[in-house]
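Below is data14.txt, holding compact mmCIF, C-alpha atoms and all ligand atoms.
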```
# COMPACT_ATOMS: atom_id res chain seq x y z
CA MET G 1013 -3.65 -24.64 -15.14
CA GLY G 1014 -4.33 -20.96 -16.05
CA VAL G 1015 -1.88 -18.14 -15.25
CA LEU G 1016 -4.04 -16.77 -12.44
CA GLN G 1017 -4.36 -20.19 -10.82
CA MET G 1018 -0.59 -20.62 -11.00
CA GLN G 1019 -0.07 -17.24 -9.33
CA ARG G 1020 -2.42 -18.30 -6.54
CA VAL G 1021 -0.59 -21.60 -6.01
CA LYS G 1022 2.74 -19.73 -5.74
CA MET G 1023 1.25 -17.30 -3.22
CA ASP G 1024 -0.49 -20.00 -1.16
CA LYS G 1025 2.92 -21.48 -0.29
CA PHE G 1026 3.50 -18.59 2.09
CA VAL G 1027 -0.05 -18.10 3.27
CA ILE G 1028 -1.72 -18.88 6.61
CA LYS G 1029 -5.37 -17.75 6.89
CA LYS G 1030 -6.60 -15.77 9.91
CA THR G 1031 -9.56 -13.62 10.83
CA LEU G 1032 -9.31 -10.12 12.23
CA SER G 1033 -8.73 -10.01 15.98
CA LYS G 1034 -11.07 -8.14 18.33
CA ASN G 1035 -7.98 -6.22 19.31
CA LYS G 1036 -7.72 -4.53 15.94
CA ARG G 1037 -11.35 -3.44 16.10
CA THR G 1038 -10.83 -1.89 19.51
CA LEU G 1039 -7.85 -0.06 18.14
CA VAL G 1040 -9.98 1.27 15.27
CA ASP G 1041 -12.46 2.79 17.67
CA GLU G 1042 -9.69 4.45 19.61
CA SER G 1043 -7.43 5.60 16.78
CA PRO G 1044 -7.22 9.38 16.36
CA GLY G 1045 -7.86 9.07 12.62
CA CYS G 1046 -11.28 7.52 13.23
CA SER G 1047 -12.46 9.36 16.32
CA ASP G 1048 -14.27 12.03 14.34
CA ALA G 1049 -15.50 9.67 11.60
CA GLY G 1050 -19.11 10.67 12.05
CA GLY G 1051 -18.43 14.39 12.54
CA PRO G 1052 -19.26 16.55 15.56
CA THR G 1053 -23.07 16.49 14.95
CA GLU G 1054 -23.42 12.69 14.79
CA THR G 1055 -26.27 11.39 17.00
CA LEU G 1056 -25.89 8.32 19.23
CA ALA G 1057 -28.22 6.32 16.93
CA GLU G 1058 -26.10 7.27 13.90
CA LYS G 1059 -22.95 6.35 15.76
CA LYS G 1060 -24.44 2.95 16.75
CA CYS G 1061 -25.45 2.31 13.12
CA ARG G 1062 -22.00 3.29 11.80
CA THR G 1063 -20.23 1.11 14.36
CA GLU G 1064 -22.53 -1.86 13.66
CA ASN G 1065 -22.03 -1.48 9.90
CA ALA G 1066 -18.29 -1.33 10.40
CA ASP G 1067 -18.38 -4.41 12.67
CA SER G 1068 -20.48 -6.39 10.22
CA TRP G 1069 -18.24 -5.38 7.32
CA LEU G 1070 -15.16 -6.46 9.28
CA GLU G 1071 -16.72 -9.79 10.22
CA GLN G 1072 -18.10 -10.65 6.78
CA THR G 1073 -15.46 -9.32 4.44
CA CYS G 1074 -12.17 -8.92 6.16
CA THR G 1075 -10.46 -12.32 6.13
CA TRP G 1076 -6.70 -12.03 6.29
CA LYS G 1077 -4.05 -14.26 4.80
CA ARG G 1078 -0.80 -14.25 6.76
CA ILE G 1079 2.32 -14.30 4.60
CA ARG G 1080 5.44 -15.27 6.52
CA ALA G 1081 9.08 -16.00 5.73
CA GLU G 1082 12.36 -15.24 7.53
CA ASN G 1083 11.90 -11.70 8.91
CA LEU G 1084 9.00 -11.14 6.53
CA SER G 1085 5.59 -10.40 7.96
CA CYS G 1086 2.78 -9.41 5.60
CA ASP G 1087 -1.01 -9.70 5.75
CA TYR G 1088 -3.27 -9.70 2.71
CA THR G 1089 -7.02 -9.21 2.36
CA SER G 1090 -9.70 -8.14 -0.09
CA LEU G 1091 -10.50 -4.59 1.05
CA PHE G 1092 -13.15 -3.64 -1.54
CA ASN G 1093 -15.55 -5.88 -3.44
CA LYS G 1094 -15.45 -5.82 -7.23
CA ALA G 1095 -18.22 -3.22 -7.68
CA GLU G 1096 -16.63 -0.89 -5.11
CA ALA G 1097 -13.16 -1.38 -6.56
CA ASN G 1098 -14.42 -0.61 -10.09
CA GLU G 1099 -16.04 2.59 -8.90
CA ILE G 1100 -12.96 3.66 -6.95
CA LEU G 1101 -10.65 2.96 -9.88
CA GLN G 1102 -12.82 5.16 -12.12
CA ARG G 1103 -12.69 7.94 -9.54
CA LEU G 1104 -8.93 7.63 -9.15
CA GLU G 1105 -8.49 7.82 -12.92
CA LYS G 1106 -10.56 11.02 -13.00
CA ASP G 1107 -9.39 12.84 -9.88
CA VAL G 1108 -5.74 11.96 -9.21
CA VAL G 1109 -3.33 14.44 -10.78
CA TYR G 1110 0.14 12.95 -11.22
CA PHE G 1111 3.47 14.77 -10.94
CA THR G 1112 5.09 16.12 -14.09
CA GLY G 1113 8.53 17.55 -15.01
CA ASP G 1114 11.47 16.99 -12.65
CA LEU G 1115 9.32 15.06 -10.20
CA THR G 1116 9.01 12.24 -12.75
CA LYS G 1117 12.74 11.51 -12.55
CA VAL G 1118 14.82 9.56 -10.00
CA GLN G 1119 18.54 9.32 -9.36
CA VAL G 1120 20.09 5.85 -9.55
CA TYR G 1121 23.87 5.56 -8.95
CA GLY G 1122 24.19 9.31 -9.64
CA LYS G 1123 22.33 9.26 -13.00
CA TRP G 1124 18.84 10.70 -13.57
CA HIS G 1125 16.19 8.47 -15.17
CA SER G 1126 12.52 8.96 -16.05
CA ILE G 1127 10.44 6.65 -13.92
CA PRO G 1128 8.65 3.88 -15.85
CA ARG G 1129 5.23 4.78 -14.36
CA LYS G 1130 3.35 7.84 -13.10
CA GLN G 1131 3.63 8.94 -9.49
CA VAL G 1132 2.20 11.45 -7.02
CA THR G 1133 1.88 11.96 -3.27
CA TYR G 1134 -1.06 13.21 -1.22
CA GLY G 1135 -1.14 13.78 2.53
CA ASP G 1136 -1.31 16.07 5.52
CA GLU G 1137 0.04 19.58 5.13
CA GLY G 1138 3.72 20.16 5.97
CA LEU G 1139 4.98 16.61 5.40
CA SER G 1140 7.61 15.63 2.87
CA TYR G 1141 9.25 12.43 1.74
CA THR G 1142 12.62 11.99 0.05
CA PHE G 1143 13.70 8.98 -1.96
CA SER G 1144 15.98 8.27 -4.93
CA GLY G 1145 17.18 11.88 -4.88
CA ILE G 1146 13.77 13.61 -5.05
CA THR G 1147 11.77 15.26 -2.30
CA LEU G 1148 8.02 14.86 -2.68
CA SER G 1149 5.57 17.21 -0.96
CA PRO G 1150 2.03 15.93 -0.72
CA LYS G 1151 -1.01 17.47 -2.38
CA PRO G 1152 -4.01 17.88 -0.03
CA TRP G 1153 -6.32 14.86 0.47
CA ILE G 1154 -9.17 14.44 -2.06
CA PRO G 1155 -12.45 12.58 -1.31
CA VAL G 1156 -11.63 9.29 -3.08
CA LEU G 1157 -8.35 8.99 -1.15
CA THR G 1158 -10.12 9.74 2.11
CA VAL G 1159 -12.58 6.89 1.40
CA ILE G 1160 -9.73 4.43 0.80
CA ARG G 1161 -7.75 5.68 3.81
CA GLU G 1162 -10.76 5.28 6.11
CA ARG G 1163 -11.35 1.71 4.93
CA VAL G 1164 -7.67 0.89 5.53
CA GLN G 1165 -7.89 2.39 9.02
CA LEU G 1166 -11.08 0.42 9.73
CA ALA G 1167 -9.54 -2.86 8.61
CA THR G 1168 -6.17 -2.44 10.31
CA GLY G 1169 -6.55 -0.08 13.25
CA HIS G 1170 -3.65 2.01 11.91
CA SER G 1171 -3.94 5.65 10.91
CA TYR G 1172 -2.01 7.15 8.00
CA ASN G 1173 -1.02 10.71 7.09
CA PHE G 1174 0.54 10.23 3.66
CA VAL G 1175 0.04 8.21 0.48
CA LEU G 1176 2.31 7.54 -2.50
CA ILE G 1177 0.36 6.67 -5.64
CA ASN G 1178 1.93 4.77 -8.53
CA ARG G 1179 0.08 4.32 -11.84
CA TYR G 1180 1.20 1.62 -14.26
CA LYS G 1181 -0.39 2.18 -17.67
CA ASP G 1182 0.19 -1.49 -18.62
CA GLY G 1183 2.60 -4.35 -17.94
CA ASN G 1184 5.57 -2.42 -19.36
CA ASP G 1185 5.40 0.05 -16.51
CA HIS G 1186 7.11 -1.27 -13.40
CA ILE G 1187 9.07 -0.50 -10.22
CA GLY G 1188 12.50 -1.96 -9.49
CA ASP G 1189 13.84 -3.63 -6.33
CA HIS G 1190 13.77 -1.27 -3.35
CA ARG G 1191 12.90 -1.11 0.34
CA ASP G 1192 10.55 1.40 1.90
CA ASP G 1193 12.96 2.33 4.67
CA GLU G 1194 13.17 6.12 4.42
CA LYS G 1195 14.11 8.05 7.54
CA GLU G 1196 10.88 10.09 7.45
CA LEU G 1197 8.75 7.01 8.24
CA VAL G 1198 7.59 6.48 11.82
CA PRO G 1199 9.92 3.66 12.99
CA GLN G 1200 8.37 0.19 12.75
CA SER G 1201 5.09 1.51 11.30
CA PRO G 1202 3.43 -0.85 8.80
CA ILE G 1203 2.92 0.23 5.18
CA ALA G 1204 -0.54 -0.38 3.72
CA SER G 1205 -0.54 -1.10 -0.02
CA VAL G 1206 -3.90 -0.95 -1.80
CA SER G 1207 -4.24 -2.01 -5.45
CA PHE G 1208 -6.81 -1.33 -8.16
CA GLY G 1209 -6.94 -2.48 -11.78
CA ALA G 1210 -4.82 -5.15 -13.41
CA CYS G 1211 -3.63 -7.96 -11.17
CA ARG G 1212 0.20 -7.76 -11.06
CA ASP G 1213 2.98 -9.91 -9.65
CA PHE G 1214 4.76 -8.43 -6.64
CA ILE G 1215 8.07 -9.95 -5.59
CA PHE G 1216 10.02 -9.82 -2.34
CA ARG G 1217 13.74 -10.69 -2.38
CA HIS G 1218 15.76 -11.11 0.81
CA ARG G 1219 18.71 -8.68 1.04
CA ASP G 1220 21.15 -11.60 1.58
CA SER G 1221 19.97 -13.42 -1.52
CA ARG G 1222 19.60 -10.90 -4.34
CA SER G 1223 22.43 -11.86 -6.69
CA ILE G 1224 23.84 -15.09 -8.09
CA ASN G 1225 26.96 -14.59 -5.95
CA SER G 1226 24.97 -14.44 -2.70
CA VAL G 1227 26.17 -16.76 0.03
CA ARG G 1228 22.66 -17.59 1.18
CA ARG G 1229 19.82 -18.92 -0.95
CA ILE G 1230 16.48 -17.63 0.31
CA GLU G 1231 13.50 -18.19 -1.92
CA PRO G 1232 11.79 -15.01 -3.15
CA VAL G 1233 8.20 -14.50 -2.01
CA LYS G 1234 5.87 -13.97 -4.99
CA LEU G 1235 2.40 -12.51 -4.60
CA ALA G 1236 -0.33 -11.54 -7.04
CA LEU G 1237 -1.95 -8.27 -5.96
CA GLU G 1238 -5.59 -8.22 -6.97
CA HIS G 1239 -8.11 -5.49 -7.78
CA GLY G 1240 -9.39 -4.03 -4.47
CA SER G 1241 -6.79 -5.79 -2.30
CA LEU G 1242 -4.78 -4.60 0.69
CA LEU G 1243 -1.27 -5.85 1.50
CA MET G 1244 0.11 -4.87 4.92
CA MET G 1245 3.90 -4.82 5.05
CA ASN G 1246 4.71 -5.08 8.73
CA PHE G 1247 7.98 -4.47 10.54
CA PRO G 1248 10.66 -5.81 9.98
CA THR G 1249 9.82 -6.78 6.37
CA ASN G 1250 11.28 -3.59 4.89
CA VAL G 1251 14.54 -3.98 6.82
CA TYR G 1252 15.36 -7.38 5.30
CA TRP G 1253 13.38 -7.66 2.08
CA TYR G 1254 13.44 -5.65 -1.17
CA HIS G 1255 10.27 -5.57 -3.25
CA SER G 1256 9.50 -4.93 -6.90
CA LEU G 1257 6.69 -4.96 -9.44
CA PRO G 1258 8.35 -6.52 -12.51
CA VAL G 1259 7.51 -5.98 -16.18
CA ARG G 1260 4.73 -8.27 -17.38
CA ARG G 1261 4.31 -7.69 -21.11
CA LYS G 1262 1.07 -9.66 -21.35
CA VAL G 1263 -0.70 -7.24 -18.98
CA LEU G 1264 -2.54 -4.67 -21.10
CA ALA G 1265 -4.71 -2.91 -18.51
CA PRO G 1266 -3.69 -0.10 -16.14
CA ARG G 1267 -3.12 -0.52 -12.42
CA VAL G 1268 -3.10 2.06 -9.63
CA ASN G 1269 -1.33 1.30 -6.35
CA LEU G 1270 -1.52 3.39 -3.20
CA THR G 1271 0.95 2.91 -0.37
CA PHE G 1272 -0.30 4.56 2.81
CA ARG G 1273 2.50 5.56 5.14
CA LYS G 1274 2.96 7.11 8.57
CA ILE G 1275 5.39 9.99 8.24
CA LYS G 1276 6.99 11.67 11.27
CA PRO G 1277 5.72 15.22 11.68
CA GLN G 1278 8.50 17.47 10.39
CA LYS G 1279 10.24 20.06 12.56
CA PRO G 1280 10.14 23.61 11.19
CA GLU G 1281 13.40 24.74 9.47
CA MET G 1282 15.88 26.59 11.75
CA THR G 1283 16.56 30.13 10.46
O1 LIG G 1301 2.80 -0.89 -7.12
C1 LIG G 1301 3.13 -1.58 -6.18
O2 LIG G 1301 2.47 -2.52 -5.76
C2 LIG G 1301 4.45 -1.31 -5.49
C3 LIG G 1301 4.64 0.11 -5.09
C4 LIG G 1301 5.88 0.25 -4.27
O3 LIG G 1301 6.75 -0.57 -4.29
C5 LIG G 1301 6.05 1.42 -3.41
O4 LIG G 1301 5.18 2.31 -3.39
O5 LIG G 1301 7.08 1.46 -2.70
```
Produce structure tokens that represent the structure in this file.
Ligand SMILES: O=C(O)CCC(=O)C(=O)O
Amino acid sequence: MGVLQMQRVKMDKFVIKKTLSKNKRTLVDESPGCSDAGGPTETLAEKKCRTENADSWLEQTCTWKRIRAENLSCDYTSLFNKAEANEILQRLEKDVVYFTGDLTKVQVYGKWHSIPRKQVTYGDEGLSYTFSGITLSPKPWIPVLTVIRERVQLATGHSYNFVLINRYKDGNDHIGDHRDDEKELVPQSPIASVSFGACRDFIFRHRDSRSINSVRRIEPVKLALEHGSLLMMNFPTNVYWYHSLPVRRKVLAPRVNLTFRKIKPQKPEMT
């Protein structure tokens, strides 16, 4: 059995297949992020065509796998076909400008370390996001990110105002165990994780079962995130489960991951 097949077998242990509910599509039509999708000059015929295209795309392409464990709720689908994903990856590689200098370091147990990957944030004006001792302000949206964000919104019915992008040049680049539970996030909002490039293992570990001394033994949930895929991390996953993208030395190709988040609008500073 090849490595990819083995990854799929591991993942299928947690998977229940489902198709998108009508509900989600209704939400898409009503969500503020999509209401002006066609622009103010869109004719009724254009709107009908756009809606029908969206409906047919949802019906034909968007098949979800449900991934469930104790207090873990994730949904996984192919969001872009291979040709689309290739094109988007090329665009991302050309247009995304990653942070440099101090913004490439994080604080762990009081010590500063260079992160083993590249990172940047894009999003609506005025938002900011703090984690591991650094505050990240987003750069303004660029067209390729808008395309991905709109597809995510279409598939899920959720709108997003912020994205964190991580670029892993090869399998040596990685991200350690953490939870996306920052106070700036809209409470209980799902995080949408879109991946392009090399397929990488992604591992969830329950907070009560992370060390050998843990009292409980809860099996980790291991996924393989494919080129063009979308993983929805729904509440309360990030309360109970840590996730990581471990080193995989055999992976030679780059990977770009985008986690779309809903950030609370920030109050202006008191003077
Ligand atoms: O690259 C990935 O799939 C993981 C990224 C991640 O953990 C995060 O953005 O919090």
Hey, which residues sit close to ligand LIG 1301 (chain G)? Say within 6 Å, counting only C-alpha atoms and all ligand atoms, and write them as a PyMOL selection string.
chain G and resi 1178+1192+1256-1257+1269+1271
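The shortest atom-to-atom distance to Arg1267 (chain G), with only C-alpha atoms taken into account, belongs to G:Ser1207 out of G:Asn1093, G:Ser1207, G:Thr1168, G:Gln1200.
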List every protein, DNA or RNA residue with an atom no more than 8 Å from (7.6, -8.3, -21.9) in the file's coordinates, counting all atoms listed in the file, and format the result as a list of chain:residue names.
G:Gly1183, G:Asn1184, G:Val1259, G:Arg1260, G:Arg1261, G:Lys1262
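The space separating CA of Asp1182 (chain G) from CA of Val1263 (chain G) comes to 5.8 Å.
Counting from CA of Lys1274 (chain G), the distance to CA of Phe1092 (chain G) is 21.8 Å.
Within 7 Å of the point (-4.7, 0.2, -14.1), counting all atoms listed in the file, the protein and nucleic acid residues come to Arg1179, Tyr1180, Lys1181, Asp1182, Phe1208, Gly1209, Ala1210, Ala1265, Pro1266, Arg1267 and Val1268 of chain G.
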